[in-house]
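Participant: Just so it is clear, I am handing over protein30.csv, which has CSV, C-alpha atoms.
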```csv
chain,number,residue,atom,x,y,z
A,1,MET,CA,11.4,-8.2,14.7
A,2,LYS,CA,8.1,-7.2,13.2
A,3,ILE,CA,7.9,-4.9,10.2
A,4,ALA,CA,4.7,-3.7,8.6
A,5,THR,CA,3.7,-1.4,5.7
A,6,TRP,CA,0.3,0.3,5.2
A,7,ASN,CA,-1.0,2.7,2.7
A,8,VAL,CA,-3.5,4.7,4.9
A,9,ASN,CA,-4.9,6.9,2.2
A,10,SER,CA,-5.0,10.0,4.4
A,11,LEU,CA,-3.6,9.9,7.9
A,12,ASN,CA,-5.9,12.6,8.9
A,13,VAL,CA,-8.8,10.3,8.4
A,14,ARG,CA,-7.2,7.1,9.4
A,15,LEU,CA,-5.2,8.2,12.5
A,16,PRO,CA,-7.5,6.5,15.0
A,17,HIS,CA,-7.0,3.2,13.0
A,18,VAL,CA,-3.2,3.6,13.0
A,19,ILE,CA,-3.1,4.3,16.8
A,20,GLU,CA,-5.3,1.3,17.5
A,21,TRP,CA,-3.2,-0.9,15.2
A,22,LEU,CA,0.0,0.1,16.8
A,23,ALA,CA,-1.3,-0.6,20.3
A,24,ASP,CA,-2.7,-4.0,19.3
A,25,ASN,CA,0.1,-5.2,17.2
A,26,GLN,CA,3.2,-3.6,18.7
A,27,PRO,CA,5.5,-3.8,15.6
A,28,ASP,CA,9.1,-2.8,15.7
A,29,VAL,CA,8.5,-0.7,12.6
A,30,LEU,CA,5.4,0.5,10.7
A,31,VAL,CA,5.7,2.5,7.5
A,32,LEU,CA,2.9,4.5,6.1
A,33,GLN,CA,2.1,5.8,2.6
A,34,GLU,CA,-0.3,8.4,1.3
A,35,LEU,CA,-0.2,10.6,4.4
A,36,LYS,CA,-1.9,13.5,2.4
A,37,LEU,CA,-0.6,15.9,5.0
A,38,GLU,CA,1.6,18.9,4.9
A,39,GLN,CA,4.9,18.5,6.8
A,40,ASP,CA,3.8,20.5,9.8
A,41,LYS,CA,0.4,18.7,10.1
A,42,TYR,CA,1.9,15.3,10.7
A,43,PRO,CA,0.9,14.0,14.2
A,44,ALA,CA,4.5,13.4,15.4
A,45,ALA,CA,3.7,14.4,19.0
A,46,THR,CA,0.9,11.9,19.2
A,47,PHE,CA,3.2,9.0,18.2
A,48,ARG,CA,6.0,10.2,20.4
A,49,MET,CA,3.7,10.5,23.4
A,50,MET,CA,2.8,6.8,22.8
A,51,GLY,CA,6.5,6.0,22.9
A,52,TRP,CA,7.3,5.7,19.2
A,53,GLN,CA,10.1,7.3,17.2
A,54,THR,CA,9.0,8.7,13.8
A,55,GLU,CA,10.3,10.4,10.7
A,56,TRP,CA,8.2,11.6,7.8
A,57,ILE,CA,8.0,13.8,4.7
A,58,GLY,CA,4.7,15.3,3.9
A,59,GLN,CA,2.9,16.9,1.0
A,60,LYS,CA,-0.4,18.8,0.9
A,61,THR,CA,-3.3,16.7,-0.5
A,62,TYR,CA,-1.1,14.0,-2.1
A,63,ASN,CA,1.6,11.5,-1.4
A,64,GLY,CA,3.7,11.7,1.8
A,65,VAL,CA,5.5,8.8,3.6
A,66,ALA,CA,6.5,8.1,7.2
A,67,ILE,CA,8.4,5.6,9.4
A,68,ILE,CA,7.2,4.8,12.9
A,69,SER,CA,9.5,2.8,15.1
A,70,ARG,CA,10.1,1.6,18.6
A,71,HIS,CA,13.8,1.9,17.9
A,72,GLU,CA,15.9,5.0,17.3
A,73,LEU,CA,15.9,6.0,13.6
A,74,HIS,CA,19.3,6.8,12.1
A,75,ASP,CA,20.7,8.0,8.8
A,76,VAL,CA,17.4,9.4,7.5
A,77,GLN,CA,17.2,10.1,3.8
A,78,THR,CA,14.3,11.4,1.7
A,79,GLY,CA,13.7,11.4,-2.0
A,80,LEU,CA,15.7,9.8,-4.8
A,81,PRO,CA,19.2,11.2,-5.5
A,82,GLU,CA,18.6,11.0,-9.3
A,83,MET,CA,15.5,13.1,-9.0
A,84,PRO,CA,16.4,15.9,-6.6
A,85,ASP,CA,13.9,18.4,-8.0
A,86,ASP,CA,10.9,16.0,-7.8
A,87,PRO,CA,8.2,17.7,-5.8
A,88,GLN,CA,6.4,14.4,-5.1
A,89,ARG,CA,7.1,13.1,-1.6
A,90,ARG,CA,7.4,9.3,-2.1
A,91,VAL,CA,10.5,8.0,-0.5
A,92,ILE,CA,11.9,8.0,3.0
A,93,ALA,CA,14.7,5.7,4.3
A,94,ALA,CA,16.2,5.2,7.8
A,95,THR,CA,18.0,2.6,9.8
A,96,ALA,CA,16.2,1.0,12.8
A,97,ASN,CA,17.7,-1.7,15.0
A,98,GLY,CA,20.3,-2.4,12.3
A,99,VAL,CA,17.8,-2.8,9.5
A,100,ARG,CA,17.7,-0.3,6.6
A,101,ILE,CA,14.1,0.6,6.0
A,102,ILE,CA,13.2,2.1,2.6
A,103,ASN,CA,9.6,3.1,2.5
A,104,VAL,CA,8.2,3.9,-0.9
A,105,TYR,CA,4.9,5.1,-2.3
A,106,CYS,CA,5.5,4.2,-5.9
A,107,VAL,CA,4.0,6.1,-8.8
A,108,ASN,CA,0.5,5.0,-9.9
A,109,GLY,CA,1.0,5.9,-13.6
A,110,GLU,CA,-2.8,6.2,-14.4
A,111,ALA,CA,-2.7,4.5,-17.8
A,112,LEU,CA,-0.1,3.0,-20.1
A,113,ASP,CA,-0.6,5.9,-22.6
A,114,SER,CA,-0.5,8.6,-20.0
A,115,PRO,CA,2.3,11.1,-19.4
A,116,LYS,CA,2.1,9.9,-15.8
A,117,PHE,CA,3.3,6.5,-17.0
A,118,ALA,CA,6.4,8.0,-18.5
A,119,TYR,CA,7.1,9.5,-15.1
A,120,LYS,CA,6.5,6.1,-13.5
A,121,ARG,CA,9.1,4.6,-15.8
A,122,GLN,CA,11.7,7.3,-14.9
A,123,TRP,CA,10.9,7.0,-11.2
A,124,PHE,CA,11.3,3.2,-11.1
A,125,ALA,CA,14.7,3.5,-12.9
A,126,ALA,CA,15.8,6.0,-10.3
A,127,LEU,CA,14.5,3.9,-7.5
A,128,THR,CA,16.4,0.8,-8.8
A,129,ASN,CA,19.6,2.7,-8.8
A,130,PHE,CA,19.0,4.1,-5.3
A,131,VAL,CA,18.2,0.6,-3.9
A,132,ARG,CA,21.3,-0.8,-5.6
A,133,ASP,CA,23.5,1.8,-3.8
A,134,GLN,CA,21.7,1.2,-0.5
A,135,MET,CA,22.2,-2.5,-0.7
A,136,ALA,CA,26.0,-2.0,-1.0
A,137,LYS,CA,25.9,-0.2,2.3
A,138,TYR,CA,23.3,-2.1,4.3
A,139,PRO,CA,23.3,-5.9,4.3
A,140,GLN,CA,20.0,-6.0,6.2
A,141,LEU,CA,17.6,-4.1,4.1
A,142,VAL,CA,13.9,-4.0,3.4
A,143,LEU,CA,12.3,-2.1,0.5
A,144,LEU,CA,8.6,-1.9,1.3
A,145,GLY,CA,5.4,0.0,0.6
A,146,ASP,CA,2.8,0.5,-2.1
A,147,PHE,CA,4.5,-0.4,-5.4
A,148,ASN,CA,1.4,0.0,-7.5
A,149,ILE,CA,2.4,-3.2,-9.3
A,150,ALA,CA,0.8,-6.6,-9.1
A,151,PRO,CA,3.8,-8.9,-10.0
A,152,SER,CA,1.9,-11.8,-11.5
A,153,ASP,CA,-1.6,-12.9,-12.6
A,154,GLU,CA,-2.0,-14.7,-9.3
A,155,ASP,CA,-1.9,-11.3,-7.6
A,156,VAL,CA,-5.0,-10.1,-9.5
A,157,TYR,CA,-8.6,-11.2,-9.0
A,158,ASP,CA,-9.3,-11.1,-12.8
A,159,PRO,CA,-6.1,-11.4,-14.8
A,160,VAL,CA,-8.1,-11.3,-18.1
A,161,LYS,CA,-9.7,-8.0,-17.2
A,162,TRP,CA,-6.4,-6.5,-16.0
A,163,HIS,CA,-4.2,-7.9,-18.8
A,164,GLU,CA,-1.7,-5.2,-19.9
A,165,HIS,CA,-3.5,-2.6,-17.9
A,166,ILE,CA,-1.9,-0.3,-15.4
A,167,HIS,CA,-0.4,-2.2,-12.4
A,168,CYS,CA,-0.4,-5.4,-14.4
A,169,SER,CA,1.5,-4.6,-17.6
A,170,SER,CA,4.5,-6.6,-18.8
A,171,GLU,CA,6.7,-3.5,-18.5
A,172,GLU,CA,5.8,-2.8,-14.9
A,173,ARG,CA,6.3,-6.4,-14.0
A,174,ALA,CA,9.7,-6.3,-15.6
A,175,TRP,CA,10.6,-3.3,-13.3
A,176,PHE,CA,9.5,-5.3,-10.3
A,177,GLN,CA,11.7,-8.2,-11.4
A,178,THR,CA,14.6,-5.8,-11.9
A,179,LEU,CA,14.3,-4.9,-8.2
A,180,LEU,CA,14.3,-8.6,-7.3
A,181,ASP,CA,17.3,-9.2,-9.5
A,182,LEU,CA,19.3,-6.8,-7.3
A,183,GLY,CA,19.3,-9.6,-4.8
A,184,LEU,CA,16.0,-9.0,-3.1
A,185,THR,CA,13.3,-11.5,-2.2
A,186,ASP,CA,9.5,-11.0,-2.4
A,187,ALA,CA,8.9,-11.8,1.3
A,188,LEU,CA,5.2,-12.9,1.0
A,189,ARG,CA,5.9,-15.2,-1.9
A,190,HIS,CA,8.9,-16.7,-0.1
A,191,VAL,CA,6.5,-17.8,2.7
A,192,HIS,CA,3.4,-18.3,0.5
A,193,PRO,CA,4.5,-19.3,-3.0
A,194,THR,CA,0.9,-19.6,-4.2
A,195,GLY,CA,-2.5,-18.3,-3.1
A,196,LYS,CA,-4.5,-15.1,-3.0
A,197,HIS,CA,-3.0,-12.5,-0.7
A,198,TYR,CA,-4.5,-9.2,-1.8
A,199,THR,CA,-3.6,-5.9,-0.2
A,200,TRP,CA,-5.9,-3.5,-2.0
A,201,TRP,CA,-9.6,-3.6,-2.8
A,202,ASP,CA,-11.4,-0.8,-4.7
A,203,TYR,CA,-14.0,1.1,-2.7
A,204,ARG,CA,-16.5,0.7,-5.5
A,205,GLY,CA,-18.6,-2.3,-6.1
A,206,GLY,CA,-18.2,-4.0,-2.8
A,207,MET,CA,-14.8,-5.5,-3.8
A,208,PHE,CA,-13.6,-6.2,-0.3
A,209,PRO,CA,-16.5,-8.3,0.8
A,210,LYS,CA,-16.4,-10.1,-2.5
A,211,GLY,CA,-12.7,-10.8,-2.1
A,212,LEU,CA,-11.7,-9.1,-5.4
A,213,GLY,CA,-8.5,-7.3,-5.0
A,214,LEU,CA,-4.9,-6.8,-6.1
A,215,ARG,CA,-1.5,-7.5,-4.3
A,216,ILE,CA,0.3,-4.2,-4.9
A,217,ASP,CA,1.9,-3.7,-1.4
A,218,HIS,CA,5.1,-5.5,-0.9
A,219,GLN,CA,8.1,-6.2,1.3
A,220,LEU,CA,11.3,-7.0,-0.7
A,221,ILE,CA,14.1,-8.1,1.6
A,222,SER,CA,17.8,-8.7,1.4
A,223,ALA,CA,19.4,-12.1,1.7
A,224,ASP,CA,20.3,-11.5,5.4
A,225,LEU,CA,16.7,-10.8,6.2
A,226,THR,CA,15.4,-13.7,4.1
A,227,ALA,CA,17.4,-16.1,6.2
A,228,ARG,CA,15.6,-14.7,9.3
A,229,LEU,CA,12.1,-14.5,7.8
A,230,GLN,CA,9.4,-16.4,9.8
A,231,ASP,CA,6.1,-15.3,8.5
A,232,VAL,CA,4.3,-12.7,6.3
A,233,PHE,CA,0.6,-12.0,6.2
A,234,VAL,CA,-2.0,-9.4,5.2
A,235,ASP,CA,-3.9,-8.1,8.1
A,236,THR,CA,-7.4,-7.6,6.6
A,237,LYS,CA,-9.0,-6.5,9.9
A,238,PRO,CA,-8.5,-2.7,9.3
A,239,ARG,CA,-10.0,-3.0,5.8
A,240,ALA,CA,-13.3,-4.0,7.4
A,241,LEU,CA,-13.4,-1.0,9.7
A,242,GLU,CA,-15.7,2.0,9.2
A,243,ARG,CA,-14.2,4.5,6.8
A,244,PRO,CA,-11.2,2.3,6.1
A,245,SER,CA,-8.2,2.8,3.8
A,246,ASP,CA,-8.5,0.8,0.6
A,247,HIS,CA,-5.3,-1.0,1.5
A,248,ALA,CA,-4.5,-3.4,4.4
A,249,PRO,CA,-1.3,-3.7,6.4
A,250,LEU,CA,1.3,-6.2,5.2
A,251,VAL,CA,3.2,-7.6,8.1
A,252,ALA,CA,6.5,-9.6,8.2
A,253,THR,CA,8.2,-11.1,11.2
A,254,PHE,CA,11.8,-12.0,11.5
A,255,LYS,CA,13.9,-14.0,14.0
```
I need this file expressed as structure tokens, please.

Facilitator:
Amino acid sequence: MKIATWNVNSLNVRLPHVIEWLADNQPDVLVLQELKLEQDKYPAATFRMMGWQTEWIGQKTYNGVAIISRHELHDVQTGLPEMPDDPQRRVIAATANGVRIINVYCVNGEALDSPKFAYKRQWFAALTNFVRDQMAKYPQLVLLGDFNIAPSDEDVYDPVKWHEHIHCSSEERAWFQTLLDLGLTDALRHVHPTGKHYTWWDYRGGMFPKGLGLRIDHQLISADLTARLQDVFVDTKPRALERPSDHAPLVATFK
């Protein structure tokens, strides 16, 4: 089974890239973040015509998440139960081929002294409780998407520059560890304990050609999936395309 996550930073702009990537890579599941599309603007018919099942939750201009699957999608849920009035569309979950898929576009937070960081703190607490409940129901589970957290200094091109800044603060890294402590495994680090495996590169300053990025997109997997994990890699090819997303797909394969 092949499962991938990709922050496309506007599906309207990146739809040709997604169609090409699906055709070339034939994953079992691809999840997308930052659709930046209203609910009725999502190209569901395009994906279904290609033979894919899909579920999504959209939002004009910002956010939005989707699941695209070759398997039927069951038990679809959106949002976080503890934040039912949250207008930001950041979470969608469904079961595909026996695996619970929880696709998240986690809050950025802007800066540690920003009101948006307080929202990020509340949001991650609600996410943790939601994932804990989901793990009790689904032994095969993957929590994946854009977490907006680089878990360690090795996941940052310049740890000194980013020290205690957004994405790299001790508090955010503690939230990430709390998710792992639920019984999840960082899939990429399970396969590649060391090394640079960035998933995001700023558009400014030619950061991608220079190899200066952050690892902020992740797949956290339950013990049942960890036992079946074969490989994890960042597919940097789409990041080199014309008008790319600033993120690259993160792909995991399982027995």

Participant: Between A:Trp52, A:Tyr203, A:Phe130, A:Phe233, single out the one closest to A:Arg189, counting only C-alpha atoms.

Facilitator: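 Among A:Trp52, A:Tyr203, A:Phe130, A:Phe233, it is A:Phe233 that comes nearest to A:Arg189.
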
Participant: In Å, rounded to a single decimal, give me how far atom CA of A:Gln59 is from atom CA of A:Ala96.

Facilitator: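 Value for the atom CA of A:Ala96-atom CA of A:Gln59 distance: 23.9 Å.
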
Participant: Find the residues around stretch 172-186 of chain A up to 10 Å (only C-alpha atoms counted), leave out those fewer than 3 positions away in its own chain, and share them as an NGL selection string.

Facilitator: :A and (112 or 117 or 120-121 or 124-125 or 127-129 or 131-132 or 135 or 141-144 or 147-152 or 164-169 or 189-193 or 218-226)

Participant: Could you state the separation of atom CA of A:Pro249 and atom CA of A:Gln134 in Å, given to one decimal place?

Facilitator: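 A separation of 24.5 Å between them.
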
Participant: As an exercise, work out the distance from atom CA of A:Tyr105 to atom CA of A:Ser10 in Å and give it to one decimal place.

Facilitator: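 Between these atoms lies a distance of 12.9 Å.
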
Participant: For each of A:Asp75, A:Asp146, A:Asp85, A:Glu171, take the minimum atom-to-atom distance to A:Glu34, counting only C-alpha atoms, then give the residue where this is smallest.

Facilitator: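 Closest candidate: A:Asp146.
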
Participant: Which residue out of A:Pro209, A:Phe254, A:Leu32, A:Asp202 has the minimum interatomic distance to A:Lys237 when only C-alpha atoms are used?

Facilitator: A:Pro209

Participant: Give me the residues within 8 Å of A:Ile67 as a VMD selection string, counting only C-alpha atoms and dropping any in the same chain fewer than 3 places off.

Facilitator: chain A and resid 29 to 32 54 to 56 92 94 103

Participant: Atoms to include: C-alpha atoms. Write the selected residues as a PDB file, in the frame of the given file.

Facilitator:
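The new file part_20.pdb reads:
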```pdb
ATOM      1  CA  VAL A  29       8.500  -0.700  12.600  1.00  0.00           C
ATOM      2  CA  LEU A  30       5.400   0.500  10.700  1.00  0.00           C
ATOM      3  CA  VAL A  31       5.700   2.500   7.500  1.00  0.00           C
ATOM      4  CA  LEU A  32       2.900   4.500   6.100  1.00  0.00           C
ATOM      5  CA  THR A  54       9.000   8.700  13.800  1.00  0.00           C
ATOM      6  CA  GLU A  55      10.300  10.400  10.700  1.00  0.00           C
ATOM      7  CA  TRP A  56       8.200  11.600   7.800  1.00  0.00           C
ATOM      8  CA  ILE A  92      11.900   8.000   3.000  1.00  0.00           C
ATOM      9  CA  ALA A  94      16.200   5.200   7.800  1.00  0.00           C
ATOM     10  CA  ASN A 103       9.600   3.100   2.500  1.00  0.00           C
TER      11      ASN A 103
END
```

Participant: Nearest residue to A:Ile3 out of A:Ser245, A:Thr78, A:Thr236, A:Gln230, using only C-alpha atoms?

Facilitator: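 Closest residue, counting only C-alpha atoms: A:Gln230.
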
Participant: What's around A:Thr61 at 12 Å? Count only C-alpha atoms, leave out sequence neighbours fewer than 5 positions away in its own chain, and write the answer as number ranges by chain.

Facilitator: A: 9-12, 34-39, 41, 88-89
